[in-house]
Amino acid sequence: MNNIKFAFLLVILFSIFGCTSDRHFEKYFSRNDGFWDIETLKWQRVESSITNQNISDGEVIDAGYLEFNESGNCKFSYSFDTFNRTGEAVWSAQDENIQLVYDNVTGGSTGAMIVSLRIDKSGPNQASLQGTETWNDNIGNSYSNTFSYELKRR
């Protein structure tokens, strides 16, 4: 009987604390005004058409910033390759990922684009995000940007 009570208690505790990780990451990124400097941005861009494929990559130091608001809005301004991105997105934390929903971004899709970035916390004021965005244009070309953001809370 004690084993059943213990198992029931574990289920309740897991339900309470297991479901709060999304909220934990949302608070982690949005606290203290949610402003994060992008100390390093590593990127790889792949452009593919029927006849060829171009791959470029690089690293940008002090690339810009990401600002995560509690309301679910994310402001951003950063550079990579020949692109300067500035604008807003909608963000949420799910499991150990941040999901961003962009609309018409420079160096990205001309419509809505959903990107999932894996979170790696490396301290109370540092984190890294990694992920890939992909899309196709209206003439059959495909594109892919892979990013690794090294962030520091401002």
# chains A, B, ... in the order shown; residues from 1 in each chain; ligands from 1
$ residues_around --residues "A:Glu133" --least-positions-apart "6" --cutoff "10 Å" --atoms "only C-alpha atoms" --output "short mmCIF file (atom, residue, chain, number, x, y, z; two decimals) with N, CA and C atoms, in the first residue's frame"
data_model
loop_
_atom_site.label_atom_id
_atom_site.label_comp_id
_atom_site.auth_asym_id
_atom_site.auth_seq_id
_atom_site.Cartn_x
_atom_site.Cartn_y
_atom_site.Cartn_z
N ARG A 45 24.49 28.94 -44.81
CA ARG A 45 23.38 29.19 -45.75
C ARG A 45 23.53 28.27 -46.95
N GLY A 108 15.24 35.40 -45.59
CA GLY A 108 14.36 34.31 -45.17
C GLY A 108 13.11 34.29 -46.03
N SER A 109 12.13 33.57 -45.56
CA SER A 109 10.89 33.39 -46.29
C SER A 109 10.15 34.71 -46.48
N MET A 113 7.18 31.96 -41.34
CA MET A 113 8.19 30.91 -41.20
C MET A 113 8.30 30.57 -39.72
N ILE A 114 8.21 29.28 -39.38
CA ILE A 114 8.31 28.83 -38.00
C ILE A 114 9.67 28.18 -37.82
N VAL A 115 10.41 28.61 -36.79
CA VAL A 115 11.75 28.09 -36.53
C VAL A 115 11.80 27.61 -35.09
N SER A 116 12.32 26.42 -34.90
CA SER A 116 12.52 25.88 -33.56
C SER A 116 14.01 25.90 -33.24
N LEU A 117 14.37 26.55 -32.13
CA LEU A 117 15.76 26.68 -31.72
C LEU A 117 15.97 25.92 -30.41
N TYR A 143 15.98 26.98 -49.76
CA TYR A 143 16.95 27.70 -48.95
C TYR A 143 16.96 27.11 -47.54
N SER A 144 18.12 27.22 -46.91
CA SER A 144 18.27 26.75 -45.55
C SER A 144 19.30 27.63 -44.84
N ASN A 145 18.96 28.13 -43.68
CA ASN A 145 19.89 28.87 -42.83
C ASN A 145 20.00 28.11 -41.52
N THR A 146 21.21 27.72 -41.15
CA THR A 146 21.45 27.08 -39.86
C THR A 146 22.18 28.08 -38.99
N PHE A 147 21.66 28.28 -37.78
CA PHE A 147 22.22 29.28 -36.87
C PHE A 147 22.64 28.66 -35.55
#
$ residues_around --residues "A:Ser30" --least-positions-apart "2" --cutoff "8 Å" --atoms "only C-alpha atoms" --output "CSV table (one decimal) with C-alpha atoms, in the first residue's frame"
chain,number,residue,atom,x,y,z
A,26,GLU,CA,9.8,31.6,-20.8
A,27,LYS,CA,10.7,33.3,-17.5
A,28,TYR,CA,14.4,32.7,-18.0
A,32,ASN,CA,15.3,41.6,-16.7
A,33,ASP,CA,13.7,43.1,-19.8
A,34,GLY,CA,14.5,40.0,-21.8
A,35,PHE,CA,17.4,41.7,-23.7
A,67,GLU,CA,14.7,40.7,-27.0
A,68,PHE,CA,12.1,38.3,-25.5
A,69,ASN,CA,9.1,39.9,-24.0
A,70,GLU,CA,6.7,38.2,-21.5
$ residues_around --residues "A:Ser49" --least-positions-apart "4" --cutoff "7 Å" --atoms "only C-alpha atoms" --output "PDB file with C-alpha atoms, in the first residue's frame"
ATOM      1  CA  GLN A  53      23.831  24.451 -54.980  1.00  0.00           C
ATOM      2  CA  GLY A 140      11.333  26.206 -57.047  1.00  0.00           C
ATOM      3  CA  ASN A 141      14.551  27.199 -55.278  1.00  0.00           C
ATOM      4  CA  SER A 142      15.089  25.955 -51.728  1.00  0.00           C
TER       5      SER A 142
END
$ select_by_dssp --residues "stretch 3-154 of chain A" --states "strand (DSSP E)" --output "MDAnalysis selection string"
chainID A and resid 35:48 53:68 73:80 83:94 97:103 112:123 126:136 142:153
$ residues_around --residues "A:Thr40" --least-positions-apart "4" --cutoff "9 Å" --atoms "only C-alpha atoms" --output "list in words"
Glu59, Val60, Ile61, Asp62, Ala63, Gly64, Ser148, Tyr149, Glu150 and Leu151 of chain A
$ residues_around --residues "stretch 90-107 of chain A" --least-positions-apart "5" --cutoff "9 Å" --atoms "only C-alpha atoms" --output "PyMOL selection string"
chain A and resi 19+21-26+68-69+71-75+80-85+112-120+129+145
$ write_last_selection --atoms "N, CA and C atoms" --output "JSON list (two decimals), in the first residue's frame"
[["chain", "number", "residue", "atom", "x", "y", "z"],
["A", 19, "CYS", "N", 5.46, 19.85, -16.13],
["A", 19, "CYS", "CA", 4.78, 20.74, -17.06],
["A", 19, "CYS", "C", 5.24, 22.18, -16.93],
["A", 21, "SER", "N", 8.43, 23.26, -17.20],
["A", 21, "SER", "CA", 9.69, 23.58, -17.86],
["A", 21, "SER", "C", 9.49, 24.63, -18.96],
["A", 22, "ASP", "N", 8.35, 24.58, -19.67],
["A", 22, "ASP", "CA", 8.08, 25.60, -20.69],
["A", 22, "ASP", "C", 8.03, 26.98, -20.05],
["A", 23, "ARG", "N", 7.31, 27.09, -18.95],
["A", 23, "ARG", "CA", 7.19, 28.36, -18.25],
["A", 23, "ARG", "C", 8.55, 28.80, -17.69],
["A", 24, "HIS", "N", 9.35, 27.82, -17.22],
["A", 24, "HIS", "CA", 10.68, 28.13, -16.70],
["A", 24, "HIS", "C", 11.52, 28.83, -17.78],
["A", 25, "PHE", "N", 11.54, 28.27, -18.99],
["A", 25, "PHE", "CA", 12.34, 28.88, -20.06],
["A", 25, "PHE", "C", 11.77, 30.23, -20.49],
["A", 26, "GLU", "N", 10.43, 30.35, -20.48],
["A", 26, "GLU", "CA", 9.85, 31.65, -20.83],
["A", 26, "GLU", "C", 10.27, 32.71, -19.83],
["A", 68, "PHE", "N", 13.29, 39.12, -25.76],
["A", 68, "PHE", "CA", 12.14, 38.26, -25.50],
["A", 68, "PHE", "C", 11.23, 38.92, -24.47],
["A", 69, "ASN", "N", 10.02, 39.31, -24.87],
["A", 69, "ASN", "CA", 9.06, 39.93, -23.96],
["A", 69, "ASN", "C", 8.13, 38.88, -23.37],
["A", 71, "SER", "N", 5.10, 39.04, -23.06],
["A", 71, "SER", "CA", 3.86, 39.01, -23.84],
["A", 71, "SER", "C", 3.92, 38.02, -25.00],
["A", 72, "GLY", "N", 5.12, 37.47, -25.28],
["A", 72, "GLY", "CA", 5.26, 36.53, -26.39],
["A", 72, "GLY", "C", 5.80, 37.16, -27.66],
["A", 73, "ASN", "N", 6.17, 38.44, -27.60],
["A", 73, "ASN", "CA", 6.78, 39.10, -28.75],
["A", 73, "ASN", "C", 8.29, 39.06, -28.62],
["A", 74, "CYS", "N", 8.97, 38.96, -29.73],
["A", 74, "CYS", "CA", 10.43, 38.96, -29.76],
["A", 74, "CYS", "C", 10.87, 40.01, -30.78],
["A", 75, "LYS", "N", 11.68, 40.96, -30.32],
["A", 75, "LYS", "CA", 12.28, 41.93, -31.22],
["A", 75, "LYS", "C", 13.69, 41.45, -31.52],
["A", 80, "PHE", "N", 24.02, 38.58, -40.65],
["A", 80, "PHE", "CA", 24.76, 37.39, -41.07],
["A", 80, "PHE", "C", 24.87, 37.44, -42.59],
["A", 81, "ASP", "N", 25.92, 36.81, -43.12],
["A", 81, "ASP", "CA", 26.17, 36.81, -44.56],
["A", 81, "ASP", "C", 26.06, 38.26, -45.05],
["A", 82, "THR", "N", 25.20, 38.53, -46.00],
["A", 82, "THR", "CA", 25.01, 39.91, -46.49],
["A", 82, "THR", "C", 23.68, 40.48, -46.02],
["A", 83, "PHE", "N", 23.06, 39.84, -45.04],
["A", 83, "PHE", "CA", 21.71, 40.21, -44.60],
["A", 83, "PHE", "C", 21.73, 40.90, -43.25],
["A", 84, "ASN", "N", 20.90, 41.92, -43.12],
["A", 84, "ASN", "CA", 20.63, 42.57, -41.84],
["A", 84, "ASN", "C", 19.16, 42.32, -41.51],
["A", 85, "ARG", "N", 18.91, 41.63, -40.42],
["A", 85, "ARG", "CA", 17.54, 41.33, -40.02],
["A", 85, "ARG", "C", 17.14, 42.22, -38.85],
["A", 112, "ALA", "N", 5.06, 33.50, -43.72],
["A", 112, "ALA", "CA", 5.29, 33.08, -42.35],
["A", 112, "ALA", "C", 6.29, 31.92, -42.32],
["A", 113, "MET", "N", 7.18, 31.96, -41.34],
["A", 113, "MET", "CA", 8.19, 30.91, -41.20],
["A", 113, "MET", "C", 8.30, 30.57, -39.72],
["A", 114, "ILE", "N", 8.21, 29.28, -39.38],
["A", 114, "ILE", "CA", 8.31, 28.83, -38.00],
["A", 114, "ILE", "C", 9.67, 28.18, -37.82],
["A", 115, "VAL", "N", 10.41, 28.61, -36.79],
["A", 115, "VAL", "CA", 11.75, 28.09, -36.53],
["A", 115, "VAL", "C", 11.80, 27.61, -35.09],
["A", 116, "SER", "N", 12.32, 26.42, -34.90],
["A", 116, "SER", "CA", 12.52, 25.88, -33.56],
["A", 116, "SER", "C", 14.01, 25.90, -33.24],
["A", 117, "LEU", "N", 14.37, 26.55, -32.13],
["A", 117, "LEU", "CA", 15.76, 26.68, -31.72],
["A", 117, "LEU", "C", 15.97, 25.92, -30.41],
["A", 118, "ARG", "N", 16.94, 25.01, -30.40],
["A", 118, "ARG", "CA", 17.24, 24.23, -29.19],
["A", 118, "ARG", "C", 17.95, 25.12, -28.19],
["A", 119, "ILE", "N", 17.52, 25.03, -26.92],
["A", 119, "ILE", "CA", 18.08, 25.85, -25.85],
["A", 119, "ILE", "C", 19.17, 25.09, -25.12],
["A", 120, "ASP", "N", 20.27, 25.78, -24.86],
["A", 120, "ASP", "CA", 21.33, 25.26, -23.98],
["A", 120, "ASP", "C", 21.71, 26.37, -23.03],
["A", 129, "LEU", "N", 21.44, 29.09, -28.54],
["A", 129, "LEU", "CA", 20.29, 28.60, -29.30],
["A", 129, "LEU", "C", 20.82, 28.08, -30.63],
["A", 145, "ASN", "N", 18.96, 28.13, -43.68],
["A", 145, "ASN", "CA", 19.89, 28.87, -42.83],
["A", 145, "ASN", "C", 20.00, 28.11, -41.52]]
$ select_by_dssp --residues "chain A" --states "helix (DSSP H, G or I)" --output "VMD selection string"
chain A and resid 2 to 18 21 to 30 32 to 34
$ write_last_selection --atoms "C-alpha atoms" --output "PDB file, in the first residue's frame"
ATOM      1  CA  ASN A   2       2.872   2.396   0.741  1.00  0.00           C
ATOM      2  CA  ASN A   3       4.306   1.720  -2.740  1.00  0.00           C
ATOM      3  CA  ILE A   4       1.006   2.772  -4.298  1.00  0.00           C
ATOM      4  CA  LYS A   5       0.934   5.991  -2.249  1.00  0.00           C
ATOM      5  CA  PHE A   6       4.546   6.706  -3.178  1.00  0.00           C
ATOM      6  CA  ALA A   7       3.894   6.065  -6.881  1.00  0.00           C
ATOM      7  CA  PHE A   8       0.807   8.296  -6.744  1.00  0.00           C
ATOM      8  CA  LEU A   9       2.847  11.061  -5.070  1.00  0.00           C
ATOM      9  CA  LEU A  10       5.521  10.773  -7.795  1.00  0.00           C
ATOM     10  CA  VAL A  11       2.879  11.052 -10.515  1.00  0.00           C
ATOM     11  CA  ILE A  12       1.461  14.195  -8.899  1.00  0.00           C
ATOM     12  CA  LEU A  13       4.903  15.772  -8.462  1.00  0.00           C
ATOM     13  CA  PHE A  14       5.869  14.944 -12.044  1.00  0.00           C
ATOM     14  CA  SER A  15       2.608  16.455 -13.284  1.00  0.00           C
ATOM     15  CA  ILE A  16       3.238  19.648 -11.373  1.00  0.00           C
ATOM     16  CA  PHE A  17       6.932  20.097 -12.067  1.00  0.00           C
ATOM     17  CA  GLY A  18       7.192  18.314 -15.424  1.00  0.00           C
ATOM     18  CA  SER A  21       9.689  23.585 -17.863  1.00  0.00           C
ATOM     19  CA  ASP A  22       8.077  25.596 -20.689  1.00  0.00           C
ATOM     20  CA  ARG A  23       7.191  28.364 -18.254  1.00  0.00           C
ATOM     21  CA  HIS A  24      10.685  28.135 -16.703  1.00  0.00           C
ATOM     22  CA  PHE A  25      12.336  28.877 -20.058  1.00  0.00           C
ATOM     23  CA  GLU A  26       9.848  31.645 -20.833  1.00  0.00           C
ATOM     24  CA  LYS A  27      10.710  33.333 -17.516  1.00  0.00           C
ATOM     25  CA  TYR A  28      14.420  32.669 -18.009  1.00  0.00           C
ATOM     26  CA  PHE A  29      14.542  34.445 -21.377  1.00  0.00           C
ATOM     27  CA  SER A  30      12.104  37.282 -20.587  1.00  0.00           C
ATOM     28  CA  ASN A  32      15.314  41.575 -16.697  1.00  0.00           C
ATOM     29  CA  ASP A  33      13.657  43.066 -19.790  1.00  0.00           C
ATOM     30  CA  GLY A  34      14.494  39.956 -21.850  1.00  0.00           C
TER      31      GLY A  34
END
$ atom_distance --atom1 "atom CA of A:Glu39" --atom2 "atom CA of A:Pro124"
15.6 Å
$ closest_residue --among "A:Ser122, A:Ser79, A:Thr134, A:Asn54" --to "A:Lys42" --atoms "only C-alpha atoms"
A:Ser79
